[in-house]
$ cat structure-v1.pdb   # PDB, C-alpha atoms
ATOM      1  CA  MET A 144     181.721-113.782 -41.255  1.00  0.00           C
ATOM      2  CA  TYR A 145     179.591-110.914 -42.686  1.00  0.00           C
ATOM      3  CA  LYS A 146     180.376-110.149 -46.284  1.00  0.00           C
ATOM      4  CA  GLN A 147     179.904-106.492 -47.325  1.00  0.00           C
ATOM      5  CA  ARG A 148     177.587-106.118 -50.271  1.00  0.00           C
ATOM      6  CA  GLY A 149     178.037-103.348 -52.840  1.00  0.00           C
ATOM      7  CA  PHE A 150     175.524-101.683 -55.152  1.00  0.00           C
ATOM      8  CA  THR A 151     174.536-103.527 -58.270  1.00  0.00           C
ATOM      9  CA  LEU A 152     174.746-101.866 -61.671  1.00  0.00           C
ATOM     10  CA  ILE A 153     170.963-101.623 -61.841  1.00  0.00           C
ATOM     11  CA  GLU A 154     170.812 -99.909 -58.451  1.00  0.00           C
ATOM     12  CA  LEU A 155     173.470 -97.386 -59.488  1.00  0.00           C
ATOM     13  CA  LEU A 156     171.640 -96.645 -62.731  1.00  0.00           C
ATOM     14  CA  LEU A 157     168.413 -96.195 -60.790  1.00  0.00           C
ATOM     15  CA  VAL A 158     170.048 -93.678 -58.421  1.00  0.00           C
ATOM     16  CA  ILE A 159     171.531 -91.772 -61.368  1.00  0.00           C
ATOM     17  CA  ALA A 160     168.134 -91.702 -63.069  1.00  0.00           C
ATOM     18  CA  ILE A 161     166.457 -90.346 -59.917  1.00  0.00           C
ATOM     19  CA  VAL A 162     169.126 -87.635 -59.521  1.00  0.00           C
ATOM     20  CA  ALA A 163     168.764 -86.678 -63.200  1.00  0.00           C
ATOM     21  CA  LEU A 164     164.993 -86.470 -62.798  1.00  0.00           C
ATOM     22  CA  LEU A 165     165.292 -84.265 -59.722  1.00  0.00           C
ATOM     23  CA  LEU A 166     167.722 -81.960 -61.534  1.00  0.00           C
ATOM     24  CA  ALA A 167     165.349 -81.741 -64.507  1.00  0.00           C
ATOM     25  CA  ILE A 168     162.592 -80.677 -62.119  1.00  0.00           C
ATOM     26  CA  LEU A 169     164.656 -78.258 -60.044  1.00  0.00           C
ATOM     27  CA  LEU A 170     166.796 -76.504 -62.682  1.00  0.00           C
ATOM     28  CA  PRO A 171     163.921 -74.631 -64.408  1.00  0.00           C
ATOM     29  CA  ALA A 172     162.715 -73.449 -61.003  1.00  0.00           C
ATOM     30  CA  LEU A 173     166.215 -72.279 -60.096  1.00  0.00           C
ATOM     31  CA  GLN A 174     166.519 -70.463 -63.410  1.00  0.00           C
ATOM     32  CA  ARG A 175     163.213 -68.686 -62.767  1.00  0.00           C
ATOM     33  CA  VAL A 176     164.424 -67.639 -59.324  1.00  0.00           C
ATOM     34  CA  ARG A 177     167.644 -66.277 -60.824  1.00  0.00           C
ATOM     35  CA  LYS A 178     165.719 -64.293 -63.435  1.00  0.00           C
ATOM     36  CA  GLN A 179     163.385 -62.924 -60.776  1.00  0.00           C
ATOM     37  CA  ALA A 180     166.371 -61.894 -58.641  1.00  0.00           C
ATOM     38  CA  LYS A 181     167.913 -60.050 -61.607  1.00  0.00           C
ATOM     39  CA  ALA A 182     164.611 -58.277 -62.250  1.00  0.00           C
ATOM     40  CA  VAL A 183     164.493 -57.150 -58.607  1.00  0.00           C
ATOM     41  CA  VAL A 184     168.038 -55.732 -58.841  1.00  0.00           C
ATOM     42  CA  CYS A 185     167.108 -54.012 -62.099  1.00  0.00           C
ATOM     43  CA  ARG A 186     164.147 -52.306 -60.445  1.00  0.00           C
ATOM     44  CA  SER A 187     166.384 -51.272 -57.564  1.00  0.00           C
ATOM     45  CA  ASN A 188     168.806 -49.673 -60.054  1.00  0.00           C
ATOM     46  CA  LEU A 189     165.967 -47.798 -61.720  1.00  0.00           C
ATOM     47  CA  LYS A 190     164.717 -46.636 -58.336  1.00  0.00           C
ATOM     48  CA  GLN A 191     168.114 -45.012 -57.790  1.00  0.00           C
ATOM     49  CA  TRP A 192     167.912 -43.348 -61.211  1.00  0.00           C
ATOM     50  CA  GLY A 193     164.394 -42.186 -60.363  1.00  0.00           C
ATOM     51  CA  ILE A 194     165.581 -40.634 -57.105  1.00  0.00           C
ATOM     52  CA  ALA A 195     168.453 -38.922 -58.913  1.00  0.00           C
ATOM     53  CA  THR A 196     166.066 -37.547 -61.533  1.00  0.00           C
ATOM     54  CA  MET A 197     163.579 -36.238 -58.980  1.00  0.00           C
ATOM     55  CA  THR A 198     166.367 -34.662 -56.945  1.00  0.00           C
ATOM     56  CA  TYR A 199     167.489 -32.813 -60.062  1.00  0.00           C
ATOM     57  CA  TYR A 200     163.959 -31.533 -60.685  1.00  0.00           C
ATOM     58  CA  ILE A 201     163.660 -30.320 -57.097  1.00  0.00           C
ATOM     59  CA  GLU A 202     167.002 -28.528 -57.209  1.00  0.00           C
ATOM     60  CA  TYR A 203     166.170 -26.863 -60.518  1.00  0.00           C
ATOM     61  CA  GLU A 204     162.655 -25.852 -59.441  1.00  0.00           C
ATOM     62  CA  ASP A 205     160.654 -28.281 -61.559  1.00  0.00           C
ATOM     63  CA  LYS A 206     162.561 -27.653 -64.797  1.00  0.00           C
ATOM     64  CA  MET A 207     163.898 -30.520 -66.894  1.00  0.00           C
ATOM     65  CA  TRP A 208     167.397 -30.315 -68.250  1.00  0.00           C
ATOM     66  CA  SER A 209     168.027 -29.041 -71.765  1.00  0.00           C
ATOM     67  CA  ASP A 210     167.866 -31.646 -74.498  1.00  0.00           C
ATOM     68  CA  SER A 211     171.358 -32.048 -75.913  1.00  0.00           C
ATOM     69  CA  TYR A 212     169.898 -33.954 -78.832  1.00  0.00           C
ATOM     70  CA  PRO A 213     167.195 -31.860 -80.516  1.00  0.00           C
ATOM     71  CA  GLN A 214     165.777 -33.142 -83.789  1.00  0.00           C
ATOM     72  CA  GLY A 215     168.462 -33.421 -86.421  1.00  0.00           C
ATOM     73  CA  ALA A 216     171.417 -32.764 -84.108  1.00  0.00           C
ATOM     74  CA  SER A 217     174.182 -35.026 -82.805  1.00  0.00           C
ATOM     75  CA  THR A 218     174.328 -36.515 -79.336  1.00  0.00           C
ATOM     76  CA  VAL A 219     176.832 -37.481 -76.685  1.00  0.00           C
ATOM     77  CA  PRO A 220     176.582 -41.108 -75.502  1.00  0.00           C
ATOM     78  CA  GLY A 221     175.306 -41.291 -71.956  1.00  0.00           C
ATOM     79  CA  ASP A 222     174.949 -37.515 -71.514  1.00  0.00           C
ATOM     80  CA  TRP A 223     172.094 -37.935 -69.019  1.00  0.00           C
ATOM     81  CA  MET A 224     174.391 -40.001 -66.788  1.00  0.00           C
ATOM     82  CA  GLU A 225     176.725 -37.029 -66.773  1.00  0.00           C
ATOM     83  CA  ILE A 226     173.907 -34.622 -65.908  1.00  0.00           C
ATOM     84  CA  LEU A 227     172.683 -36.782 -63.022  1.00  0.00           C
ATOM     85  CA  GLN A 228     176.184 -37.569 -61.706  1.00  0.00           C
ATOM     86  CA  PRO A 229     175.882 -35.273 -58.634  1.00  0.00           C
ATOM     87  CA  TYR A 230     172.877 -37.272 -57.418  1.00  0.00           C
ATOM     88  CA  TYR A 231     174.206 -40.832 -57.296  1.00  0.00           C
ATOM     89  CA  GLN A 232     177.218 -42.375 -55.578  1.00  0.00           C
ATOM     90  CA  ASP A 233     178.541 -45.179 -57.786  1.00  0.00           C
ATOM     91  CA  ILE A 234     177.478 -45.423 -61.403  1.00  0.00           C
ATOM     92  CA  ASP A 235     178.990 -48.885 -61.795  1.00  0.00           C
ATOM     93  CA  GLU A 236     176.356 -50.222 -59.391  1.00  0.00           C
ATOM     94  CA  ILE A 237     173.370 -48.875 -61.312  1.00  0.00           C
ATOM     95  CA  ARG A 238     174.394 -48.402 -64.956  1.00  0.00           C
ATOM     96  CA  CYS A 239     173.333 -51.898 -66.089  1.00  0.00           C
ATOM     97  CA  CYS A 240     170.419 -54.267 -65.729  1.00  0.00           C
ATOM     98  CA  PRO A 241     171.902 -57.570 -64.421  1.00  0.00           C
ATOM     99  CA  THR A 242     170.389 -59.277 -67.462  1.00  0.00           C
ATOM    100  CA  ALA A 243     172.409 -57.078 -69.828  1.00  0.00           C
ATOM    101  CA  THR A 244     176.031 -56.795 -68.715  1.00  0.00           C
ATOM    102  CA  ARG A 245     177.930 -58.416 -71.595  1.00  0.00           C
ATOM    103  CA  PRO A 246     180.134 -56.051 -73.654  1.00  0.00           C
ATOM    104  CA  CYS A 247     178.641 -54.273 -76.641  1.00  0.00           C
ATOM    105  CA  GLN A 248     178.959 -56.241 -79.893  1.00  0.00           C
ATOM    106  CA  ASP A 249     177.998 -53.438 -82.290  1.00  0.00           C
ATOM    107  CA  THR A 250     180.878 -51.903 -84.269  1.00  0.00           C
ATOM    108  CA  HIS A 251     178.719 -49.149 -85.765  1.00  0.00           C
ATOM    109  CA  SER A 252     179.171 -45.685 -84.284  1.00  0.00           C
ATOM    110  CA  GLU A 253     175.767 -46.004 -82.631  1.00  0.00           C
ATOM    111  CA  ARG A 254     177.094 -48.863 -80.458  1.00  0.00           C
ATOM    112  CA  ARG A 255     173.687 -50.505 -79.953  1.00  0.00           C
ATOM    113  CA  GLY A 256     173.100 -53.018 -77.209  1.00  0.00           C
ATOM    114  CA  SER A 257     170.750 -56.013 -77.150  1.00  0.00           C
ATOM    115  CA  ILE A 258     168.823 -58.143 -74.669  1.00  0.00           C
ATOM    116  CA  ASP A 259     172.000 -59.168 -72.837  1.00  0.00           C
ATOM    117  CA  THR A 260     174.631 -56.652 -73.979  1.00  0.00           C
ATOM    118  CA  VAL A 261     175.251 -53.007 -73.078  1.00  0.00           C
ATOM    119  CA  TRP A 262     175.287 -49.998 -75.359  1.00  0.00           C
ATOM    120  CA  GLY A 263     178.532 -48.026 -75.668  1.00  0.00           C
ATOM    121  CA  THR A 264     181.896 -49.069 -74.359  1.00  0.00           C
ATOM    122  CA  PRO A 265     184.124 -48.100 -71.400  1.00  0.00           C
ATOM    123  CA  ALA A 266     186.873 -47.224 -73.874  1.00  0.00           C
ATOM    124  CA  GLN A 267     184.708 -44.648 -75.635  1.00  0.00           C
ATOM    125  CA  GLN A 268     185.980 -41.184 -74.721  1.00  0.00           C
ATOM    126  CA  THR A 269     183.984 -38.036 -75.448  1.00  0.00           C
ATOM    127  CA  GLU A 270     184.268 -34.408 -74.455  1.00  0.00           C
ATOM    128  CA  VAL A 271     181.483 -34.715 -71.896  1.00  0.00           C
ATOM    129  CA  SER A 272     181.601 -38.397 -70.979  1.00  0.00           C
ATOM    130  CA  ARG A 273     185.256 -38.612 -70.060  1.00  0.00           C
ATOM    131  CA  ALA A 274     184.701 -41.905 -68.271  1.00  0.00           C
ATOM    132  CA  GLY A 275     183.286 -43.449 -71.440  1.00  0.00           C
ATOM    133  CA  TYR A 276     179.668 -44.021 -70.472  1.00  0.00           C
ATOM    134  CA  TYR A 277     177.913 -47.281 -71.232  1.00  0.00           C
ATOM    135  CA  GLY A 278     174.933 -49.106 -69.790  1.00  0.00           C
ATOM    136  CA  SER A 279     171.674 -50.898 -70.505  1.00  0.00           C
ATOM    137  CA  TYR A 280     169.164 -48.163 -69.613  1.00  0.00           C
ATOM    138  CA  GLY A 281     167.973 -45.363 -71.848  1.00  0.00           C
ATOM    139  CA  LEU A 282     166.406 -41.932 -71.394  1.00  0.00           C
ATOM    140  CA  ASN A 283     163.046 -40.911 -72.813  1.00  0.00           C
ATOM    141  CA  ARG A 284     164.182 -37.767 -74.638  1.00  0.00           C
ATOM    142  CA  TRP A 285     160.690 -36.302 -74.508  1.00  0.00           C
ATOM    143  CA  SER A 286     161.278 -35.807 -70.755  1.00  0.00           C
ATOM    144  CA  THR A 287     163.693 -32.946 -71.393  1.00  0.00           C
ATOM    145  CA  ASP A 288     163.433 -29.322 -72.549  1.00  0.00           C
ATOM    146  CA  PRO A 289     164.531 -28.656 -76.171  1.00  0.00           C
ATOM    147  CA  LEU A 290     164.478 -24.910 -75.525  1.00  0.00           C
ATOM    148  CA  GLY A 291     162.272 -24.582 -78.570  1.00  0.00           C
ATOM    149  CA  ASP A 292     158.598 -24.572 -79.558  1.00  0.00           C
ATOM    150  CA  ASP A 293     158.079 -28.345 -79.880  1.00  0.00           C
ATOM    151  CA  GLU A 294     155.077 -28.797 -77.586  1.00  0.00           C
ATOM    152  CA  ARG A 295     155.439 -32.571 -77.420  1.00  0.00           C
ATOM    153  CA  TYR A 296     158.266 -32.294 -74.859  1.00  0.00           C
ATOM    154  CA  TRP A 297     157.306 -32.337 -71.189  1.00  0.00           C
ATOM    155  CA  LYS A 298     159.821 -29.608 -70.221  1.00  0.00           C
ATOM    156  CA  VAL A 299     158.679 -29.557 -66.556  1.00  0.00           C
ATOM    157  CA  SER A 300     158.092 -32.344 -64.049  1.00  0.00           C
ATOM    158  CA  SER A 301     154.875 -31.059 -62.430  1.00  0.00           C
ATOM    159  CA  VAL A 302     152.329 -32.520 -64.835  1.00  0.00           C
ATOM    160  CA  LYS A 303     149.239 -34.689 -64.465  1.00  0.00           C
ATOM    161  CA  ALA A 304     149.440 -38.491 -64.703  1.00  0.00           C
ATOM    162  CA  SER A 305     153.181 -38.405 -64.037  1.00  0.00           C
ATOM    163  CA  ASN A 306     153.000 -42.129 -63.203  1.00  0.00           C
ATOM    164  CA  GLU A 307     152.339 -42.789 -66.912  1.00  0.00           C
ATOM    165  CA  ILE A 308     155.352 -40.844 -68.189  1.00  0.00           C
ATOM    166  CA  PRO A 309     158.500 -42.990 -68.532  1.00  0.00           C
ATOM    167  CA  VAL A 310     161.872 -41.366 -67.936  1.00  0.00           C
ATOM    168  CA  ILE A 311     164.563 -44.070 -67.750  1.00  0.00           C
ATOM    169  CA  LEU A 312     164.028 -47.692 -68.789  1.00  0.00           C
ATOM    170  CA  ASP A 313     165.562 -50.908 -70.058  1.00  0.00           C
ATOM    171  CA  CYS A 314     166.953 -49.966 -73.454  1.00  0.00           C
ATOM    172  CA  ILE A 315     169.478 -50.951 -76.133  1.00  0.00           C
ATOM    173  CA  HIS A 316     170.458 -47.297 -76.655  1.00  0.00           C
ATOM    174  CA  TRP A 317     171.212 -44.384 -74.338  1.00  0.00           C
ATOM    175  CA  HIS A 318     168.073 -42.564 -75.435  1.00  0.00           C
ATOM    176  CA  LEU A 319     164.872 -42.979 -77.425  1.00  0.00           C
ATOM    177  CA  ARG A 320     162.105 -40.743 -78.695  1.00  0.00           C
ATOM    178  CA  PRO A 321     159.046 -42.929 -79.428  1.00  0.00           C
ATOM    179  CA  ASP A 322     155.868 -41.906 -81.203  1.00  0.00           C
ATOM    180  CA  HIS A 323     152.475 -43.618 -81.401  1.00  0.00           C
ATOM    181  CA  THR A 324     153.012 -44.058 -85.150  1.00  0.00           C
ATOM    182  CA  ASN A 325     155.983 -46.368 -84.520  1.00  0.00           C
ATOM    183  CA  ARG A 326     155.239 -49.773 -86.016  1.00  0.00           C
ATOM    184  CA  ILE A 327     155.312 -53.007 -84.038  1.00  0.00           C
ATOM    185  CA  PRO A 328     158.063 -55.614 -84.642  1.00  0.00           C
ATOM    186  CA  ASP A 329     157.132 -58.664 -86.682  1.00  0.00           C
ATOM    187  CA  LYS A 330     159.743 -60.909 -85.072  1.00  0.00           C
ATOM    188  CA  PRO A 331     161.754 -61.196 -81.845  1.00  0.00           C
ATOM    189  CA  LEU A 332     164.436 -58.519 -81.383  1.00  0.00           C
ATOM    190  CA  LEU A 333     167.468 -60.353 -80.042  1.00  0.00           C
ATOM    191  CA  VAL A 334     170.778 -58.923 -81.272  1.00  0.00           C
ATOM    192  CA  PHE A 335     171.878 -55.352 -81.997  1.00  0.00           C
ATOM    193  CA  SER A 336     171.392 -55.741 -85.760  1.00  0.00           C
ATOM    194  CA  ASP A 337     167.661 -56.330 -85.189  1.00  0.00           C
ATOM    195  CA  PHE A 338     167.367 -52.666 -84.131  1.00  0.00           C
ATOM    196  CA  PRO A 339     167.585 -50.268 -87.130  1.00  0.00           C
ATOM    197  CA  VAL A 340     170.281 -47.617 -86.925  1.00  0.00           C
ATOM    198  CA  ASN A 341     168.937 -44.284 -85.652  1.00  0.00           C
ATOM    199  CA  GLY A 342     165.507 -45.837 -85.113  1.00  0.00           C
ATOM    200  CA  GLN A 343     164.797 -45.478 -88.829  1.00  0.00           C
ATOM    201  CA  GLY A 344     161.516 -46.598 -90.343  1.00  0.00           C
ATOM    202  CA  GLY A 345     159.418 -45.762 -87.314  1.00  0.00           C
ATOM    203  CA  THR A 346     161.316 -48.012 -84.911  1.00  0.00           C
ATOM    204  CA  GLN A 347     162.334 -45.650 -82.113  1.00  0.00           C
ATOM    205  CA  ILE A 348     160.160 -47.533 -79.629  1.00  0.00           C
ATOM    206  CA  TRP A 349     161.954 -50.780 -80.553  1.00  0.00           C
ATOM    207  CA  ARG A 350     164.932 -49.556 -78.562  1.00  0.00           C
ATOM    208  CA  CYS A 351     163.136 -50.540 -75.372  1.00  0.00           C
ATOM    209  CA  PHE A 352     161.281 -53.520 -76.850  1.00  0.00           C
ATOM    210  CA  VAL A 353     163.728 -55.951 -75.263  1.00  0.00           C
ATOM    211  CA  ASN A 354     162.504 -59.180 -73.697  1.00  0.00           C
ATOM    212  CA  ARG A 355     164.648 -58.955 -70.558  1.00  0.00           C
ATOM    213  CA  HIS A 356     162.057 -59.742 -67.897  1.00  0.00           C
ATOM    214  CA  ASN A 357     159.578 -62.356 -69.079  1.00  0.00           C
ATOM    215  CA  ARG A 358     158.105 -60.401 -72.003  1.00  0.00           C
ATOM    216  CA  ALA A 359     158.439 -57.135 -70.109  1.00  0.00           C
ATOM    217  CA  ILE A 360     160.913 -54.410 -69.192  1.00  0.00           C
ATOM    218  CA  ASN A 361     161.383 -52.248 -66.112  1.00  0.00           C
ATOM    219  CA  GLY A 362     161.157 -48.486 -66.092  1.00  0.00           C
ATOM    220  CA  SER A 363     161.231 -45.466 -63.790  1.00  0.00           C
ATOM    221  CA  PHE A 364     158.526 -42.852 -64.211  1.00  0.00           C
ATOM    222  CA  LEU A 365     158.175 -39.131 -63.693  1.00  0.00           C
ATOM    223  CA  ASP A 366     156.536 -39.578 -60.282  1.00  0.00           C
ATOM    224  CA  GLY A 367     159.555 -41.601 -59.076  1.00  0.00           C
ATOM    225  CA  SER A 368     157.794 -44.969 -59.272  1.00  0.00           C
ATOM    226  CA  VAL A 369     159.336 -48.056 -60.862  1.00  0.00           C
ATOM    227  CA  GLN A 370     157.028 -50.268 -62.879  1.00  0.00           C
ATOM    228  CA  ILE A 371     157.062 -53.549 -64.784  1.00  0.00           C
ATOM    229  CA  ILE A 372     155.992 -52.770 -68.359  1.00  0.00           C
ATOM    230  CA  PRO A 373     154.682 -55.648 -70.527  1.00  0.00           C
ATOM    231  CA  LEU A 374     156.113 -55.173 -74.007  1.00  0.00           C
ATOM    232  CA  PRO A 375     152.729 -54.692 -75.786  1.00  0.00           C
ATOM    233  CA  HIS A 376     151.929 -51.897 -73.289  1.00  0.00           C
ATOM    234  CA  LEU A 377     154.843 -49.759 -74.472  1.00  0.00           C
ATOM    235  CA  TRP A 378     152.405 -48.141 -76.930  1.00  0.00           C
ATOM    236  CA  ASP A 379     150.095 -47.198 -74.019  1.00  0.00           C
ATOM    237  CA  LEU A 380     152.576 -45.056 -72.077  1.00  0.00           C
ATOM    238  CA  LYS A 381     152.497 -41.267 -72.202  1.00  0.00           C
ATOM    239  CA  TRP A 382     155.869 -40.785 -73.913  1.00  0.00           C
ATOM    240  CA  HIS A 383     155.119 -37.207 -74.957  1.00  0.00           C
ATOM    241  CA  ARG A 384     152.235 -34.770 -74.587  1.00  0.00           C
ATOM    242  CA  SER A 385     150.567 -35.782 -77.858  1.00  0.00           C
ATOM    243  CA  PHE A 386     151.181 -39.512 -77.662  1.00  0.00           C
ATOM    244  CA  GLU A 387     148.025 -41.511 -78.456  1.00  0.00           C
ATOM    245  CA  ARG A 388     147.388 -44.818 -76.685  1.00  0.00           C
ATOM    246  CA  GLN A 389     147.295 -47.733 -79.156  1.00  0.00           C
ATOM    247  CA  ASN A 390     145.798 -50.471 -76.921  1.00  0.00           C
ATOM    248  CA  TYR A 391     147.787 -53.314 -78.440  1.00  0.00           C
ATOM    249  CA  THR A 392     147.404 -56.763 -76.854  1.00  0.00           C
ATOM    250  CA  GLY A 393     149.379 -59.977 -76.874  1.00  0.00           C
ATOM    251  CA  ASP A 394     147.386 -61.026 -79.954  1.00  0.00           C
ATOM    252  CA  ASP A 395     149.223 -58.340 -81.920  1.00  0.00           C
ATOM    253  CA  PHE A 396     152.521 -60.034 -81.045  1.00  0.00           C
ATOM    254  CA  PRO A 397     151.855 -63.780 -81.615  1.00  0.00           C
ATOM    255  CA  TRP A 398     155.575 -64.552 -81.854  1.00  0.00           C
ATOM    256  CA  LEU A 399     156.090 -63.101 -78.356  1.00  0.00           C
ATOM    257  CA  ARG A 400     154.186 -65.895 -76.584  1.00  0.00           C
TER     258      ARG A 400
END

$ encode --input "structure-v1.pdb" --output "structure tokens"
Amino acid sequence: MYKQRGFTLIELLLVIAIVALLLAILLPALQRVRKQAKAVVCRSNLKQWGIATMTYYIEYEDKMWSDSYPQGASTVPGDWMEILQPYYQDIDEIRCCPTATRPCQDTHSERRGSIDTVWGTPAQQTEVSRAGYYGSYGLNRWSTDPLGDDERYWKVSSVKASNEIPVILDCIHWHLRPDHTNRIPDKPLLVFSDFPVNGQGGTQIWRCFVNRHNRAINGSFLDGSVQIIPLPHLWDLKWHRSFERQNYTGDDFPWLR
């Protein structure tokens, strides 16, 4: 009579070892695919913001909206989301990069975000933002009209090299106003406390220096395009009319490798 033979302990251990090896090989690849998928969704979100922005410019005959946050004044969290509201259907689908959807951890009034958290909070009620705006994208404030004589602002959308002018991008704050004199970080920026309050000390550009997409961020530009922006190249964008390209390279950010 045939006697059924089971697996020996060594055979079972060998199978477990093979499965563990396969998982060790496959998991990093799966994680990369997940990150790439999130980056694609992020760019899709920014494409929708870009369309909304361009639609606004067309309707208002090339003019940018008035800056509600001129130098030295207060601001309303997420005001640009309110301005663009007529041109998108569902803000909850496009307000956040999929990499940064965790609730805000900052208790300061600025309510900063981080690599994986949003700025603001749904419970935050303001006169303009009655829904309590929050998100993980920020507006380049230079792409508005301060209704004053500061010639650094773009003020209108019909300008040369519009594909170099960022409008809305991955950000830990609802707005930023970078300058070429902004210093570079000397360490990774991970949590909200790594980003100085009010961008003090020449750190406005840090608000979008967030390593969300493999040492890069995504951004929509004045011409409606969406681009992947390597973090060292943030100092090469045309943030305002007088911004001077700095030509930093990865060597200037050794800790970023």

$ atom_distance --input "structure-v1.pdb" --atom1 "CA of Ser257 (chain A)" --atom2 "CA of His323 (chain A)"
22.5 Å

$ residues_around --input "structure-v1.pdb" --residues "region 354-365 of chain A" --least-positions-apart "5" --cutoff "7 Å" --atoms "only C-alpha atoms" --output "JSON list (two decimals) with C-alpha atoms, keeping the file's coordinate frame"
[["chain", "number", "residue", "atom", "x", "y", "z"],
["A", 182, "ALA", "CA", 164.61, -58.28, -62.25],
["A", 186, "ARG", "CA", 164.15, -52.31, -60.44],
["A", 189, "LEU", "CA", 165.97, -47.80, -61.72],
["A", 190, "LYS", "CA", 164.72, -46.64, -58.34],
["A", 193, "GLY", "CA", 164.39, -42.19, -60.36],
["A", 242, "THR", "CA", 170.39, -59.28, -67.46],
["A", 258, "ILE", "CA", 168.82, -58.14, -74.67],
["A", 300, "SER", "CA", 158.09, -32.34, -64.05],
["A", 305, "SER", "CA", 153.18, -38.40, -64.04],
["A", 306, "ASN", "CA", 153.00, -42.13, -63.20],
["A", 307, "GLU", "CA", 152.34, -42.79, -66.91],
["A", 308, "ILE", "CA", 155.35, -40.84, -68.19],
["A", 309, "PRO", "CA", 158.50, -42.99, -68.53],
["A", 310, "VAL", "CA", 161.87, -41.37, -67.94],
["A", 311, "ILE", "CA", 164.56, -44.07, -67.75],
["A", 312, "LEU", "CA", 164.03, -47.69, -68.79],
["A", 313, "ASP", "CA", 165.56, -50.91, -70.06],
["A", 370, "GLN", "CA", 157.03, -50.27, -62.88],
["A", 371, "ILE", "CA", 157.06, -53.55, -64.78],
["A", 372, "ILE", "CA", 155.99, -52.77, -68.36],
["A", 373, "PRO", "CA", 154.68, -55.65, -70.53],
["A", 374, "LEU", "CA", 156.11, -55.17, -74.01]]

$ resolve_selection --input "structure-v1.pdb" --expression "the PyMOL selection byres ((chain A and resi 219-231) around 7)" --output "ChimeraX atom specification"
/A:195-196,218,232-234,272,276-277,317

$ residues_around --input "structure-v1.pdb" --residues "Arg284 (chain A)" --least-positions-apart "5" --cutoff "10 Å" --atoms "all atoms listed in the file" --output "JSON, numbers by chain"
{"A": [209, 210, 211, 212, 213, 223, 289, 296, 297, 309, 310, 311, 317, 318, 319, 320, 321, 382, 383]}

$ closest_residue --input "structure-v1.pdb" --among "A:Val334, A:Cys247, A:Cys239, A:Leu290" --to "Asn188 (chain A)" --atoms "all atoms listed in the file"
A:Cys239

$ residues_near_point --input "structure-v1.pdb" --point "(159.4, -47.1, -90.2)" --cutoff "7 Å" --atoms "all atoms listed in the file" --output "PDB file with C-alpha atoms, keeping the file's coordinate frame"
ATOM      1  CA  ASN A 325     155.983 -46.368 -84.520  1.00  0.00           C
ATOM      2  CA  ARG A 326     155.239 -49.773 -86.016  1.00  0.00           C
ATOM      3  CA  GLN A 343     164.797 -45.478 -88.829  1.00  0.00           C
ATOM      4  CA  GLY A 344     161.516 -46.598 -90.343  1.00  0.00           C
ATOM      5  CA  GLY A 345     159.418 -45.762 -87.314  1.00  0.00           C
ATOM      6  CA  THR A 346     161.316 -48.012 -84.911  1.00  0.00           C
TER       7      THR A 346
END

$ residues_around --input "structure-v1.pdb" --residues "Ala243 (chain A)" --least-positions-apart "5" --cutoff "6 Å" --atoms "only C-alpha atoms" --output "VMD selection string"
chain A and resid 259 to 261

$ atom_distance --input "structure-v1.pdb" --atom1 "CA of Pro246 (chain A)" --atom2 "CA of Ser279 (chain A)"
10.4 Å

$ resolve_selection --input "structure-v1.pdb" --expression "the PyMOL selection byres ((chain A and resi 299) around 8)" --output "PyMOL selection string"
chain A and resi 205-207+286-288+297-298+300-302

$ atom_distance --input "structure-v1.pdb" --atom1 "CA of Ile327 (chain A)" --atom2 "CA of Arg388 (chain A)"
13.6 Å

$ axis_aligned_box --input "structure-v1.pdb" --around "region 342-347 of chain A" --padding-each-side "4 Å" --output "lines of an AutoDock Vina configuration file"
center_x = 162.5
center_y = -46.7
center_z = -86.2
size_x = 14.1
size_y = 10.5
size_z = 16.2

$ resolve_selection --input "structure-v1.pdb" --expression "the PyMOL selection byres ((chain A and resi 249-254) around 8)" --output "list in words"
Cys247, Gln248, Arg255, Gly256, Trp262, Gly263, Thr264, His316, Phe335, Ser336, Val340 and Asn341 of chain A

$ write_last_selection --input "structure-v1.pdb" --atoms "C-alpha atoms" --output "CSV table (one decimal), in the coordinates of the input"
chain,number,residue,atom,x,y,z
A,247,CYS,CA,178.6,-54.3,-76.6
A,248,GLN,CA,179.0,-56.2,-79.9
A,255,ARG,CA,173.7,-50.5,-80.0
A,256,GLY,CA,173.1,-53.0,-77.2
A,262,TRP,CA,175.3,-50.0,-75.4
A,263,GLY,CA,178.5,-48.0,-75.7
A,264,THR,CA,181.9,-49.1,-74.4
A,316,HIS,CA,170.5,-47.3,-76.7
A,335,PHE,CA,171.9,-55.4,-82.0
A,336,SER,CA,171.4,-55.7,-85.8
A,340,VAL,CA,170.3,-47.6,-86.9
A,341,ASN,CA,168.9,-44.3,-85.7

$ closest_residue --input "structure-v1.pdb" --among "A:Val162, A:Cys351, A:Gly367, A:Val183" --to "Tyr200 (chain A)" --atoms "only C-alpha atoms"
A:Gly367

$ residues_around --input "structure-v1.pdb" --residues "Asp329 (chain A)" --least-positions-apart "6" --cutoff "10 Å" --atoms "only C-alpha atoms" --output "PDB file with C-alpha atoms, keeping the file's coordinate frame"
ATOM      1  CA  ASP A 395     149.223 -58.340 -81.920  1.00  0.00           C
ATOM      2  CA  PHE A 396     152.521 -60.034 -81.045  1.00  0.00           C
ATOM      3  CA  PRO A 397     151.855 -63.780 -81.615  1.00  0.00           C
ATOM      4  CA  TRP A 398     155.575 -64.552 -81.854  1.00  0.00           C
ATOM      5  CA  LEU A 399     156.090 -63.101 -78.356  1.00  0.00           C
TER       6      LEU A 399
END

$ closest_residue --input "structure-v1.pdb" --among "A:Asp366, A:Pro265, A:Tyr280, A:Gly342" --to "Lys303 (chain A)" --atoms "all atoms listed in the file"
A:Asp366
